[in-house]
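Novice: Dropping in protein.pdb, which is PDB, C-alpha atoms:
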ATOM      1  CA  MET S 833     149.079 117.658 109.200
ATOM      2  CA  PRO S 834     149.538 115.974 105.814
ATOM      3  CA  ALA S 835     146.777 116.347 103.268
ATOM      4  CA  GLN S 836     144.311 113.479 103.133
ATOM      5  CA  ARG S 837     142.799 112.269  99.933
ATOM      6  CA  THR S 838     139.012 112.531  99.883
ATOM      7  CA  ARG S 839     137.319 109.388  98.614
ATOM      8  CA  PHE S 840     134.008 109.523  96.790
ATOM      9  CA  TYR S 841     131.711 106.536  96.527
ATOM     10  CA  GLN S 842     129.068 105.888  93.881
ATOM     11  CA  VAL S 843     126.109 104.728  95.898
ATOM     12  CA  GLY S 844     124.247 103.436  92.842
ATOM     13  CA  SER S 845     121.103 105.536  92.522
ATOM     14  CA  PHE S 846     118.540 104.086  90.143
ATOM     15  CA  ALA S 847     119.076 106.596  87.356
ATOM     16  CA  VAL S 848     122.723 107.550  87.751
ATOM     17  CA  GLY S 849     124.328 104.455  89.226
ATOM     18  CA  ASN S 850     123.091 102.225  86.453
ATOM     19  CA  ARG S 851     125.209 104.140  83.953
ATOM     20  CA  LEU S 852     128.163 102.289  85.425
ATOM     21  CA  LEU S 853     126.713  99.002  84.155
ATOM     22  CA  PRO S 854     127.141  97.596  80.650
ATOM     23  CA  PRO S 855     124.515  99.097  78.290
ATOM     24  CA  GLU S 856     122.513  95.875  78.068
ATOM     25  CA  ARG S 857     122.026  95.817  81.853
ATOM     26  CA  ARG S 858     121.159  99.457  82.381
ATOM     27  CA  SER S 859     117.766 100.687  83.457
ATOM     28  CA  VAL S 860     115.622 102.479  80.901
ATOM     29  CA  GLN S 861     115.782 105.521  83.169
ATOM     30  CA  ALA S 862     119.598 105.440  83.073
ATOM     31  CA  ALA S 863     119.627 105.967  79.304
ATOM     32  CA  PRO S 864     120.236 109.577  78.240
ATOM     33  CA  ASP S 865     117.677 109.144  75.441
ATOM     34  CA  ARG S 866     114.903 107.791  77.680
ATOM     35  CA  GLY S 867     111.357 108.607  76.663
ATOM     36  CA  ASN S 868     110.340 110.851  79.577
ATOM     37  CA  ALA S 869     106.752 109.992  78.723
ATOM     38  CA  LEU S 870     105.351 111.673  81.841
ATOM     39  CA  THR S 871     107.244 114.882  82.329
ATOM     40  CA  SER S 872     107.092 117.945  84.572
ATOM     41  CA  GLY S 873     103.973 119.966  85.231
ATOM     42  CA  HIS S 874     101.616 117.285  86.485
ATOM     43  CA  ARG S 875      99.668 117.747  89.708
ATOM     44  CA  ALA S 876     100.353 114.456  91.479
ATOM     45  CA  CYS S 877     100.617 114.505  95.256
ATOM     46  CA  ARG S 878     104.001 114.219  96.957
ATOM     47  CA  GLY S 879     105.033 110.595  97.119
ATOM     48  CA  CYS S 880     102.448 109.502  94.530
ATOM     49  CA  GLY S 881     103.143 105.876  93.645
ATOM     50  CA  GLU S 882     100.970 106.066  90.536
ATOM     51  CA  ALA S 883     102.964 108.891  88.944
ATOM     52  CA  LEU S 884     106.190 106.994  89.585
ATOM     53  CA  GLY S 885     104.842 103.690  88.291
ATOM     54  CA  ALA S 886     103.309 105.206  85.172
ATOM     55  CA  ARG S 887     106.488 107.056  84.190
ATOM     56  CA  TYR S 888     108.647 103.956  84.480
ATOM     57  CA  ALA S 889     106.113 101.647  82.829
ATOM     58  CA  VAL S 890     105.391 103.853  79.819
ATOM     59  CA  ASP S 891     109.066 104.766  79.369
ATOM     60  CA  ALA S 892     109.867 101.039  79.316
ATOM     61  CA  ALA S 893     107.151 100.490  76.704
ATOM     62  CA  ILE S 894     108.542 103.339  74.595
ATOM     63  CA  SER S 895     111.998 101.800  74.781
ATOM     64  CA  ALA S 896     110.679  98.346  73.875
ATOM     65  CA  THR S 897     108.810  99.648  70.830
ATOM     66  CA  GLY S 898     111.367 102.144  69.589
ATOM     67  CA  GLY S 899     108.950 104.964  70.344
ATOM     68  CA  ARG S 900     106.143 103.528  68.200
ATOM     69  CA  LEU S 901     103.495 103.505  70.909
ATOM     70  CA  ILE S 902      99.970 104.817  71.498
ATOM     71  CA  VAL S 903      98.619 105.102  75.053
ATOM     72  CA  VAL S 904      94.933 104.995  76.010
ATOM     73  CA  ASN S 905      94.221 106.327  79.512
ATOM     74  CA  ALA S 906      91.036 105.787  81.521
ATOM     75  CA  THR S 907      89.563 108.588  83.590
ATOM     76  CA  GLY S 908      90.981 108.612  87.106
ATOM     77  CA  CYS S 909      93.753 110.040  89.224
ATOM     78  CA  LEU S 910      96.441 109.505  86.592
ATOM     79  CA  GLU S 911      94.438 111.232  83.881
ATOM     80  CA  VAL S 912      93.261 114.093  86.111
ATOM     81  CA  PHE S 913      96.637 115.068  87.545
ATOM     82  CA  SER S 914      98.516 114.692  84.247
ATOM     83  CA  THR S 915      96.147 116.430  81.826
ATOM     84  CA  PRO S 916      94.350 119.403  83.387
ATOM     85  CA  TYR S 917      92.747 121.067  80.352
ATOM     86  CA  PRO S 918      94.264 122.543  78.226
ATOM     87  CA  GLU S 919      97.634 121.211  79.434
ATOM     88  CA  THR S 920      99.281 117.796  79.369
ATOM     89  CA  SER S 921     102.377 116.250  80.902
ATOM     90  CA  TRP S 922     102.469 113.379  78.388
ATOM     91  CA  GLN S 923     105.085 113.240  75.641
ATOM     92  CA  VAL S 924     103.622 110.276  73.795
ATOM     93  CA  PRO S 925     100.536 109.836  71.573
ATOM     94  CA  TRP S 926      97.885 109.690  74.280
ATOM     95  CA  ILE S 927      94.089 109.284  74.246
ATOM     96  CA  HIS S 928      91.745 109.965  77.155
ATOM     97  CA  SER S 929      88.827 107.538  77.375
ATOM     98  CA  LEU S 930      85.892 107.336  79.767
ATOM     99  CA  PHE S 931      86.207 105.771  83.203
ATOM    100  CA  GLY S 932      85.148 102.309  82.109
ATOM    101  CA  ASN S 933      85.956 101.847  78.426
ATOM    102  CA  ALA S 934      89.740 102.169  78.131
ATOM    103  CA  PRO S 935      90.132  98.484  77.123
ATOM    104  CA  ALA S 936      87.493  98.898  74.405
ATOM    105  CA  VAL S 937      89.039 102.124  73.100
ATOM    106  CA  ALA S 938      92.474 100.520  73.066
ATOM    107  CA  THR S 939      90.996  97.556  71.169
ATOM    108  CA  GLY S 940      89.655  99.983  68.562
ATOM    109  CA  VAL S 941      93.049 101.648  68.216
ATOM    110  CA  ALA S 942      94.734  98.255  67.792
ATOM    111  CA  ALA S 943      92.134  97.218  65.203
ATOM    112  CA  ALA S 944      92.646 100.433  63.233
ATOM    113  CA  LEU S 945      96.407  99.926  63.232
ATOM    114  CA  LYS S 946      95.913  96.361  61.971
ATOM    115  CA  VAL S 947      93.711  97.560  59.111
ATOM    116  CA  LYS S 948      96.361 100.116  58.185
ATOM    117  CA  GLY S 949      99.056  97.441  58.257
ATOM    118  CA  ARG S 950     100.944  99.166  61.079
ATOM    119  CA  ALA S 951     102.101  96.116  63.017
ATOM    120  CA  ASP S 952     105.081  98.162  64.201
ATOM    121  CA  VAL S 953     102.921 100.464  66.348
ATOM    122  CA  ARG S 954     101.836  98.992  69.692
ATOM    123  CA  VAL S 955      99.040  99.936  72.096
ATOM    124  CA  VAL S 956      99.085 100.312  75.876
ATOM    125  CA  ALA S 957      95.939 100.987  77.919
ATOM    126  CA  GLN S 958      96.141 102.080  81.526
ATOM    127  CA  GLY S 959      93.917 103.006  84.429
ATOM    128  CA  GLY S 960      93.505 102.855  88.173
ATOM    129  CA  ASP S 961      91.876 100.082  90.139
ATOM    130  CA  GLY S 962      88.476 101.761  90.025
ATOM    131  CA  GLY S 963      88.443 101.965  86.237
ATOM    132  CA  THR S 964      89.926  98.472  85.965
ATOM    133  CA  VAL S 965      88.533  96.283  88.734
ATOM    134  CA  ASP S 966      85.068  97.849  88.864
ATOM    135  CA  ILE S 967      83.786 100.211  86.181
ATOM    136  CA  GLY S 968      85.874  98.870  83.292
ATOM    137  CA  PHE S 969      85.812  95.213  84.300
ATOM    138  CA  ALA S 970      83.421  94.033  81.560
ATOM    139  CA  CYS S 971      85.411  95.798  78.827
ATOM    140  CA  LEU S 972      88.638  94.364  80.239
ATOM    141  CA  SER S 973      87.270  90.825  80.295
ATOM    142  CA  GLY S 974      86.078  91.271  76.723
ATOM    143  CA  MET S 975      89.541  92.422  75.677
ATOM    144  CA  PHE S 976      91.007  89.309  77.297
ATOM    145  CA  GLU S 977      88.422  86.996  75.752
ATOM    146  CA  ARG S 978      89.063  88.352  72.240
ATOM    147  CA  ASP S 979      92.834  88.297  72.834
ATOM    148  CA  ASP S 980      93.162  91.836  71.493
ATOM    149  CA  ASP S 981      96.732  93.017  70.937
ATOM    150  CA  VAL S 982      96.840  95.432  73.891
ATOM    151  CA  LEU S 983      98.922  95.647  77.052
ATOM    152  CA  TYR S 984      96.634  96.817  79.856
ATOM    153  CA  ILE S 985      98.347  98.250  82.967
ATOM    154  CA  CYS S 986      96.392  98.683  86.202
ATOM    155  CA  TYR S 987      97.917 101.082  88.732
ATOM    156  CA  ASP S 988      96.375  99.767  91.936
ATOM    157  CA  ASN S 989      96.146 102.195  94.853
ATOM    158  CA  GLN S 990      93.261 100.205  96.340
ATOM    159  CA  ALA S 991      90.487 102.824  96.311
ATOM    160  CA  TYR S 992      88.885 105.643  94.304
ATOM    161  CA  MET S 993      91.455 108.209  95.378
ATOM    162  CA  ASN S 994      90.583 110.934  92.875
ATOM    163  CA  THR S 995      87.000 111.324  94.103
ATOM    164  CA  GLY S 996      87.516 111.141  97.857
ATOM    165  CA  VAL S 997      88.981 107.764  98.837
ATOM    166  CA  GLN S 998      85.924 105.563  98.353
ATOM    167  CA  ARG S 999      86.122 101.769  98.473
ATOM    168  CA  SER S1000      86.846  99.924  95.218
ATOM    169  CA  GLY S1001      86.845  96.247  94.333
ATOM    170  CA  ALA S1002      90.589  96.284  95.061
ATOM    171  CA  THR S1003      90.293  97.718  98.595
ATOM    172  CA  PRO S1004      91.768  95.159 101.016
ATOM    173  CA  PRO S1005      89.962  93.792 104.084
ATOM    174  CA  ALA S1006      89.771  96.046 107.165
ATOM    175  CA  ALA S1007      91.053  99.103 105.273
ATOM    176  CA  ARG S1008      89.233 102.286 106.209
ATOM    177  CA  THR S1009      87.897 104.454 103.384
ATOM    178  CA  ALA S1010      85.245 107.179 103.114
ATOM    179  CA  THR S1011      82.647 104.489 102.386
ATOM    180  CA  THR S1012      84.062 101.799 104.686
ATOM    181  CA  PRO S1013      84.546 103.527 108.041
ATOM    182  CA  VAL S1014      85.660 101.627 111.145
ATOM    183  CA  PRO S1015      85.835  98.586 111.250
ATOM    184  CA  GLY S1016      86.895  98.974 107.593
ATOM    185  CA  ASN S1017      86.244  97.043 104.406
ATOM    186  CA  ALA S1018      84.598  93.669 104.859
ATOM    187  CA  PHE S1019      86.477  90.420 104.368
ATOM    188  CA  GLY S1020      85.515  88.361 101.326
ATOM    189  CA  GLN S1021      84.718  91.268  99.004
ATOM    190  CA  GLY S1022      86.579  92.482  95.933
ATOM    191  CA  LYS S1023      88.309  90.851  92.985
ATOM    192  CA  ASN S1024      91.772  89.476  92.310
ATOM    193  CA  VAL S1025      92.146  90.645  88.704
ATOM    194  CA  PRO S1026      95.582  89.068  88.055
ATOM    195  CA  LEU S1027      94.058  85.653  88.820
ATOM    196  CA  ILE S1028      90.980  86.471  86.725
ATOM    197  CA  ALA S1029      93.249  87.462  83.848
ATOM    198  CA  MET S1030      95.090  84.153  84.223
ATOM    199  CA  ALA S1031      91.747  82.331  84.033
ATOM    200  CA  HIS S1032      91.307  83.840  80.552
ATOM    201  CA  GLU S1033      94.611  82.145  79.615
ATOM    202  CA  ILE S1034      95.900  85.245  77.859
ATOM    203  CA  PRO S1035      99.540  85.299  76.702
ATOM    204  CA  TYR S1036     101.027  87.221  79.641
ATOM    205  CA  VAL S1037      99.999  88.333  83.141
ATOM    206  CA  ALA S1038     102.285  89.847  85.767
ATOM    207  CA  THR S1039     102.283  91.824  88.995
ATOM    208  CA  ALA S1040     104.814  94.425  90.104
ATOM    209  CA  THR S1041     105.326  97.239  92.608
ATOM    210  CA  VAL S1042     107.067 100.594  92.633
ATOM    211  CA  ALA S1043     109.434  99.153  95.244
ATOM    212  CA  ASP S1044     111.272  97.280  92.472
ATOM    213  CA  LEU S1045     111.395  99.516  89.426
ATOM    214  CA  ARG S1046     113.838  97.307  87.544
ATOM    215  CA  ASP S1047     111.351  94.460  87.853
ATOM    216  CA  LEU S1048     108.563  96.737  86.617
ATOM    217  CA  GLU S1049     110.617  97.748  83.590
ATOM    218  CA  HIS S1050     111.499  94.122  82.867
ATOM    219  CA  LYS S1051     107.864  93.064  82.938
ATOM    220  CA  VAL S1052     106.764  95.821  80.591
ATOM    221  CA  ARG S1053     109.529  94.868  78.166
ATOM    222  CA  ARG S1054     108.599  91.207  78.504
ATOM    223  CA  ALA S1055     104.937  91.975  77.877
ATOM    224  CA  MET S1056     105.800  93.806  74.655
ATOM    225  CA  GLU S1057     107.447  90.639  73.330
ATOM    226  CA  PHE S1058     104.010  89.004  73.118
ATOM    227  CA  ARG S1059     101.128  89.606  70.743
ATOM    228  CA  GLY S1060      97.578  89.462  72.024
ATOM    229  CA  ALA S1061      96.076  90.536  75.335
ATOM    230  CA  ARG S1062      98.465  91.160  78.215
ATOM    231  CA  TYR S1063      97.855  92.391  81.747
ATOM    232  CA  LEU S1064     100.180  94.056  84.277
ATOM    233  CA  HIS S1065      98.958  94.860  87.798
ATOM    234  CA  VAL S1066     101.160  97.382  89.630
ATOM    235  CA  LEU S1067     100.838  98.221  93.329
ATOM    236  CA  VAL S1068     101.165 102.001  93.721
ATOM    237  CA  PRO S1069     100.720 103.261  97.320
ATOM    238  CA  CYS S1070      98.780 106.500  97.739
ATOM    239  CA  PRO S1071      99.936 108.669 100.681
ATOM    240  CA  LEU S1072      96.599 110.511 100.735
ATOM    241  CA  GLY S1073      94.314 107.491 100.763
ATOM    242  CA  TRP S1074      96.571 105.160 102.734
ATOM    243  CA  VAL S1075      97.403 107.926 105.234
ATOM    244  CA  THR S1076     101.145 107.358 104.977
ATOM    245  CA  ALA S1077     104.112 109.705 104.915
ATOM    246  CA  ALA S1078     105.064 110.833 101.411
ATOM    247  CA  CYS S1079     108.595 109.568 102.026
ATOM    248  CA  ASP S1080     107.329 106.044 102.830
ATOM    249  CA  THR S1081     105.806 105.129  99.463
ATOM    250  CA  ILE S1082     108.604 102.765  98.428
ATOM    251  CA  ARG S1083     108.919 101.357 101.936
ATOM    252  CA  VAL S1084     105.201 100.554 102.144
ATOM    253  CA  ALA S1085     105.218  98.900  98.715
ATOM    254  CA  ARG S1086     108.203  96.779  99.724
ATOM    255  CA  LEU S1087     106.519  95.692 102.950
ATOM    256  CA  ALA S1088     103.425  94.666 100.971
ATOM    257  CA  THR S1089     105.549  92.119  99.122
ATOM    258  CA  GLU S1090     107.735  91.100 102.067
ATOM    259  CA  SER S1091     104.664  90.351 104.178
ATOM    260  CA  GLY S1092     103.147  88.236 101.408
ATOM    261  CA  LEU S1093     100.038  90.375 101.001
ATOM    262  CA  PHE S1094     100.993  91.325  97.427
ATOM    263  CA  PRO S1095     102.596  88.369  95.577
ATOM    264  CA  VAL S1096     104.854  89.385  92.695
ATOM    265  CA  PHE S1097     104.792  86.881  89.847
ATOM    266  CA  GLU S1098     104.571  86.255  86.109
ATOM    267  CA  ALA S1099     102.228  83.908  84.220
ATOM    268  CA  GLU S1100     101.881  82.783  80.620
ATOM    269  CA  ARG S1101      98.730  81.201  79.184
ATOM    270  CA  GLY S1102      97.312  80.686  82.664
ATOM    271  CA  ASP S1103     100.372  79.100  84.276
ATOM    272  CA  VAL S1104     102.700  80.802  86.750
ATOM    273  CA  THR S1105     106.165  80.931  85.194
ATOM    274  CA  GLY S1106     108.089  82.887  87.808
ATOM    275  CA  VAL S1107     107.770  84.433  91.262
ATOM    276  CA  THR S1108     109.791  86.984  93.191
ATOM    277  CA  LYS S1109     110.862  85.246  96.377
ATOM    278  CA  ILE S1110     110.576  87.060  99.688
ATOM    279  CA  ARG S1111     114.094  87.791 100.901
ATOM    280  CA  ARG S1112     113.174  89.079 104.360
ATOM    281  CA  ARG S1113     109.768  87.957 105.505
ATOM    282  CA  VAL S1114     107.975  90.330 107.882
ATOM    283  CA  PRO S1115     104.691  90.056 109.802
ATOM    284  CA  VAL S1116     101.739  91.961 108.379
ATOM    285  CA  ASP S1117     101.880  94.258 111.425
ATOM    286  CA  ASP S1118     104.977  95.931 109.964
ATOM    287  CA  TYR S1119     103.006  96.799 106.831
ATOM    288  CA  LEU S1120      99.738  97.769 108.510
ATOM    289  CA  ARG S1121     101.180 100.024 111.227
ATOM    290  CA  LEU S1122     102.613 102.511 108.708
ATOM    291  CA  GLN S1123      99.147 103.243 107.313
ATOM    292  CA  GLY S1124      96.545 105.416 108.971
ATOM    293  CA  ARG S1125      93.789 103.526 107.164
ATOM    294  CA  TYR S1126      94.532 100.620 109.531
ATOM    295  CA  ALA S1127      95.005 102.698 112.698
ATOM    296  CA  HIS S1128      91.781 101.334 114.188
ATOM    297  CA  LEU S1129      93.381  97.871 114.330
ATOM    298  CA  PHE S1130      96.007  99.073 116.818
ATOM    299  CA  GLY S1131      93.864 100.935 119.322
ATOM    300  CA  ASP S1132      93.199 100.028 122.927
ATOM    301  CA  PRO S1133      92.457  97.182 122.846
ATOM    302  CA  PRO S1134      94.016  96.178 119.488
ATOM    303  CA  ARG S1135      91.914  94.182 117.008
ATOM    304  CA  THR S1136      94.129  91.126 117.197
ATOM    305  CA  GLU S1137      91.558  88.822 115.608
ATOM    306  CA  VAL S1138      91.380  91.037 112.501
ATOM    307  CA  ILE S1139      95.164  91.268 112.248
ATOM    308  CA  ALA S1140      95.311  87.474 112.553
ATOM    309  CA  ARG S1141      92.898  87.101 109.624
ATOM    310  CA  ILE S1142      95.027  89.418 107.493
ATOM    311  CA  GLN S1143      98.129  87.437 108.491
ATOM    312  CA  ALA S1144      96.373  84.213 107.499
ATOM    313  CA  SER S1145      95.625  85.719 104.082
ATOM    314  CA  ALA S1146      99.291  86.618 103.628
ATOM    315  CA  ASP S1147     100.359  83.135 104.729
ATOM    316  CA  ARG S1148      98.010  81.582 102.190
ATOM    317  CA  ALA S1149      99.417  83.729  99.370
ATOM    318  CA  ILE S1150     102.957  82.755 100.374
ATOM    319  CA  ARG S1151     102.034  79.060 100.195
ATOM    320  CA  ARG S1152     100.052  79.452  96.999
ATOM    321  CA  PHE S1153     102.831  81.127  95.041
ATOM    322  CA  GLY S1154     105.807  79.539  96.815
ATOM    323  CA  LEU S1155     107.190  82.900  97.896
ATOM    324  CA  VAL S1156     109.418  81.508 100.646
ATOM    325  CA  ASP S1157     111.907  78.687 100.126
TER     326      ASP S1157
END
Would it be possible to restate this file's structure as structure tokens?
Specialist:
Amino acid sequence: MPAQRTRFYQVGSFAVGNRLLPPERRSVQAAPDRGNALTSGHRACRGCGEALGARYAVDAAISATGGRLIVVNATGCLEVFSTPYPETSWQVPWIHSLFGNAPAVATGVAAALKVKGRADVRVVAQGGDGGTVDIGFACLSGMFERDDDVLYICYDNQAYMNTGVQRSGATPPAARTATTPVPGNAFGQGKNVPLIAMAHEIPYVATATVADLRDLEHKVRRAMEFRGARYLHVLVPCPLGWVTAACDTIRVARLATESGLFPVFEAERGDVTGVTKIRRRVPVDDYLRLQGRYAHLFGDPPRTEVIARIQASADRAIRRFGLVD
């Protein structure tokens, strides 16, 4: 039998495959000199969307600023699993603030840099939805109102995951948490912080998910082109709190956008300037069924009226942002 030539195919992984592209089109993670802001040794759970989102977001900010970056981190999951005293997994100037004052601390850092004439050094503040939507909301609104030169990134896993999966102001309707048992979180509660940020008419507001890391990197880079207050809201599924398989984190995040429940868009000075269209629209059932926090909706009999209300919410978001052509 004659010898056969074995053919190898480059499947295009996010980090490796992008090295085949021209340098200007490569991902930050494809660069051999990437920042590696959040490195090994942290205690994040398997499949943690927040760890993934934070690494890509902060690395993109490091790249955009040439490494001249200071990060302020609110108390929460991200801070707890990345900096167990006396260790840290961060390789960037990093400050731990209280649960609710990260925007104010970041404002102080930015003000100090301005006094010192260090316009080349930029400031990023970050926290989870609890420290952003609830406890730190007043400080965040103040940062927006003053137009402080800070990029604030919210990693939204839709509950207080670090302290036992309690409901937050970002917990969606019907989701089960430790403080919202069956039938789940009530409809009509919570806050849509991206829209609130837009109401402040700050220079830049955007949403993103860990299902599209190139988009996340782009939006961080875009945000660093502006001066003044900027806000980035990133959906980061939590396998523990959402009761999903660790291997499904990206899949769940993608279904959140494809169902219309999490619109992905950009806005400048209060006006939407771009949206990510839904390429393959799916019913909300596809998204909900993967998550144990919604298992009570699919019992015997199923809670069809609740599912219909969630579908109506997704349909409204699709119409509002023009997500489907």
Novice: Give me, as a PyMOL selection string, all polymer residues having an atom no more than 10 Å from Asp1047 in chain S, counting all atoms listed in the file and skipping those fewer than 5 positions away in the same chain.
Specialist: chain S and resi 859+1039-1042+1052-1053+1096+1108
Novice: Starting from the PyMOL selection byres ((chain S and resi 1115-1130) around 9), expand the selection into actual residues of this file and give them as a PDB file with C-alpha atoms, keeping the file's coordinate frame.
Specialist:
ATOM      1  CA  ALA S1006      89.771  96.046 107.165  1.00  0.00           C
ATOM      2  CA  ALA S1007      91.053  99.103 105.273  1.00  0.00           C
ATOM      3  CA  ARG S1008      89.233 102.286 106.209  1.00  0.00           C
ATOM      4  CA  THR S1009      87.897 104.454 103.384  1.00  0.00           C
ATOM      5  CA  VAL S1014      85.660 101.627 111.145  1.00  0.00           C
ATOM      6  CA  PRO S1015      85.835  98.586 111.250  1.00  0.00           C
ATOM      7  CA  GLY S1016      86.895  98.974 107.593  1.00  0.00           C
ATOM      8  CA  PRO S1071      99.936 108.669 100.681  1.00  0.00           C
ATOM      9  CA  GLY S1073      94.314 107.491 100.763  1.00  0.00           C
ATOM     10  CA  TRP S1074      96.571 105.160 102.734  1.00  0.00           C
ATOM     11  CA  VAL S1075      97.403 107.926 105.234  1.00  0.00           C
ATOM     12  CA  THR S1076     101.145 107.358 104.977  1.00  0.00           C
ATOM     13  CA  ALA S1077     104.112 109.705 104.915  1.00  0.00           C
ATOM     14  CA  ASP S1080     107.329 106.044 102.830  1.00  0.00           C
ATOM     15  CA  ARG S1083     108.919 101.357 101.936  1.00  0.00           C
ATOM     16  CA  VAL S1084     105.201 100.554 102.144  1.00  0.00           C
ATOM     17  CA  ALA S1085     105.218  98.900  98.715  1.00  0.00           C
ATOM     18  CA  ARG S1086     108.203  96.779  99.724  1.00  0.00           C
ATOM     19  CA  LEU S1087     106.519  95.692 102.950  1.00  0.00           C
ATOM     20  CA  ALA S1088     103.425  94.666 100.971  1.00  0.00           C
ATOM     21  CA  GLU S1090     107.735  91.100 102.067  1.00  0.00           C
ATOM     22  CA  SER S1091     104.664  90.351 104.178  1.00  0.00           C
ATOM     23  CA  GLY S1092     103.147  88.236 101.408  1.00  0.00           C
ATOM     24  CA  LEU S1093     100.038  90.375 101.001  1.00  0.00           C
ATOM     25  CA  ARG S1113     109.768  87.957 105.505  1.00  0.00           C
ATOM     26  CA  VAL S1114     107.975  90.330 107.882  1.00  0.00           C
ATOM     27  CA  GLY S1131      93.864 100.935 119.322  1.00  0.00           C
ATOM     28  CA  ASP S1132      93.199 100.028 122.927  1.00  0.00           C
ATOM     29  CA  PRO S1133      92.457  97.182 122.846  1.00  0.00           C
ATOM     30  CA  PRO S1134      94.016  96.178 119.488  1.00  0.00           C
ATOM     31  CA  ARG S1135      91.914  94.182 117.008  1.00  0.00           C
ATOM     32  CA  THR S1136      94.129  91.126 117.197  1.00  0.00           C
ATOM     33  CA  VAL S1138      91.380  91.037 112.501  1.00  0.00           C
ATOM     34  CA  ILE S1139      95.164  91.268 112.248  1.00  0.00           C
ATOM     35  CA  ALA S1140      95.311  87.474 112.553  1.00  0.00           C
ATOM     36  CA  ILE S1142      95.027  89.418 107.493  1.00  0.00           C
ATOM     37  CA  GLN S1143      98.129  87.437 108.491  1.00  0.00           C
ATOM     38  CA  ALA S1146      99.291  86.618 103.628  1.00  0.00           C
TER      39      ALA S1146
END
Novice: When distances are computed from all atoms listed in the file, which of S:Pro1026, S:Pro935, S:Gly1106, S:Pro1035 shows the smallest separation from Phe969 in chain S?
Specialist: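 Checking each of S:Pro1026, S:Pro935, S:Gly1106, S:Pro1035 against Phe969 in chain S, counting all atoms listed in the file, the winner is S:Pro935.
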Novice: What's the separation between CA of Thr1081 in chain S and CA of Asn1017 in chain S, in Å to one decimal place?
Specialist: 21.7 Å
Novice: Mind checking which residues fall within 9 Å of Ala889 in chain S, counting all atoms listed in the file, ignoring those fewer than 3 positions away in the same chain, and posting them as an mmCIF file with C-alpha atoms, in the coordinates of the input?
Specialist:
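For reference, part_35.cif as written:
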data_model
loop_
_atom_site.group_PDB
_atom_site.id
_atom_site.type_symbol
_atom_site.label_atom_id
_atom_site.label_comp_id
_atom_site.auth_asym_id
_atom_site.auth_seq_id
_atom_site.Cartn_x
_atom_site.Cartn_y
_atom_site.Cartn_z
ATOM 1 C CA LEU S 884 106.190 106.994 89.585
ATOM 2 C CA GLY S 885 104.842 103.690 88.291
ATOM 3 C CA ALA S 886 103.309 105.206 85.172
ATOM 4 C CA ALA S 892 109.867 101.039 79.316
ATOM 5 C CA ALA S 893 107.151 100.490 76.704
ATOM 6 C CA ILE S 894 108.542 103.339 74.595
ATOM 7 C CA ILE S 985 98.347 98.250 82.967
ATOM 8 C CA LEU S 1045 111.395 99.516 89.426
ATOM 9 C CA LEU S 1048 108.563 96.737 86.617
ATOM 10 C CA GLU S 1049 110.617 97.748 83.590
ATOM 11 C CA LYS S 1051 107.864 93.064 82.938
ATOM 12 C CA VAL S 1052 106.764 95.821 80.591
ATOM 13 C CA ARG S 1053 109.529 94.868 78.166
#
Novice: Taking the block just given, write range 988-998 of chain S to a file that holds N, CA and C atoms, as a PDB file, in the first residue's frame.
Specialist:
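The resulting result_15.pdb:
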ATOM      1  N   ASP S 988     -21.188  40.620  35.063  1.00  0.00           N
ATOM      2  CA  ASP S 988     -22.536  40.321  35.529  1.00  0.00           C
ATOM      3  C   ASP S 988     -22.806  38.820  35.508  1.00  0.00           C
ATOM      4  N   ASN S 989     -22.826  38.209  36.697  1.00  0.00           N
ATOM      5  CA  ASN S 989     -23.236  36.799  36.780  1.00  0.00           C
ATOM      6  C   ASN S 989     -24.597  36.669  37.456  1.00  0.00           C
ATOM      7  N   GLN S 990     -25.281  37.799  37.618  1.00  0.00           N
ATOM      8  CA  GLN S 990     -26.705  37.855  37.942  1.00  0.00           C
ATOM      9  C   GLN S 990     -27.076  37.383  39.341  1.00  0.00           C
ATOM     10  N   ALA S 991     -26.140  37.457  40.278  1.00  0.00           N
ATOM     11  CA  ALA S 991     -26.451  37.173  41.686  1.00  0.00           C
ATOM     12  C   ALA S 991     -25.197  37.409  42.522  1.00  0.00           C
ATOM     13  N   TYR S 992     -25.348  37.367  43.838  1.00  0.00           N
ATOM     14  CA  TYR S 992     -24.200  37.430  44.754  1.00  0.00           C
ATOM     15  C   TYR S 992     -23.640  36.020  44.892  1.00  0.00           C
ATOM     16  N   MET S 993     -22.768  35.643  43.970  1.00  0.00           N
ATOM     17  CA  MET S 993     -22.290  34.266  43.931  1.00  0.00           C
ATOM     18  C   MET S 993     -21.300  33.959  45.046  1.00  0.00           C
ATOM     19  N   ASN S 994     -20.488  34.940  45.419  1.00  0.00           N
ATOM     20  CA  ASN S 994     -19.423  34.706  46.387  1.00  0.00           C
ATOM     21  C   ASN S 994     -19.959  34.382  47.779  1.00  0.00           C
ATOM     22  N   THR S 995     -21.146  34.888  48.103  1.00  0.00           N
ATOM     23  CA  THR S 995     -21.670  34.726  49.461  1.00  0.00           C
ATOM     24  C   THR S 995     -22.839  33.755  49.543  1.00  0.00           C
ATOM     25  N   GLY S 996     -23.079  32.979  48.484  1.00  0.00           N
ATOM     26  CA  GLY S 996     -24.096  31.946  48.580  1.00  0.00           C
ATOM     27  C   GLY S 996     -25.236  32.034  47.600  1.00  0.00           C
ATOM     28  N   VAL S 997     -25.036  32.744  46.502  1.00  0.00           N
ATOM     29  CA  VAL S 997     -26.029  32.818  45.416  1.00  0.00           C
ATOM     30  C   VAL S 997     -27.321  33.486  45.893  1.00  0.00           C
ATOM     31  N   GLN S 998     -27.175  34.712  46.442  1.00  0.00           N
ATOM     32  CA  GLN S 998     -28.355  35.488  46.788  1.00  0.00           C
ATOM     33  C   GLN S 998     -28.756  36.396  45.624  1.00  0.00           C
TER      34      GLN S 998
END
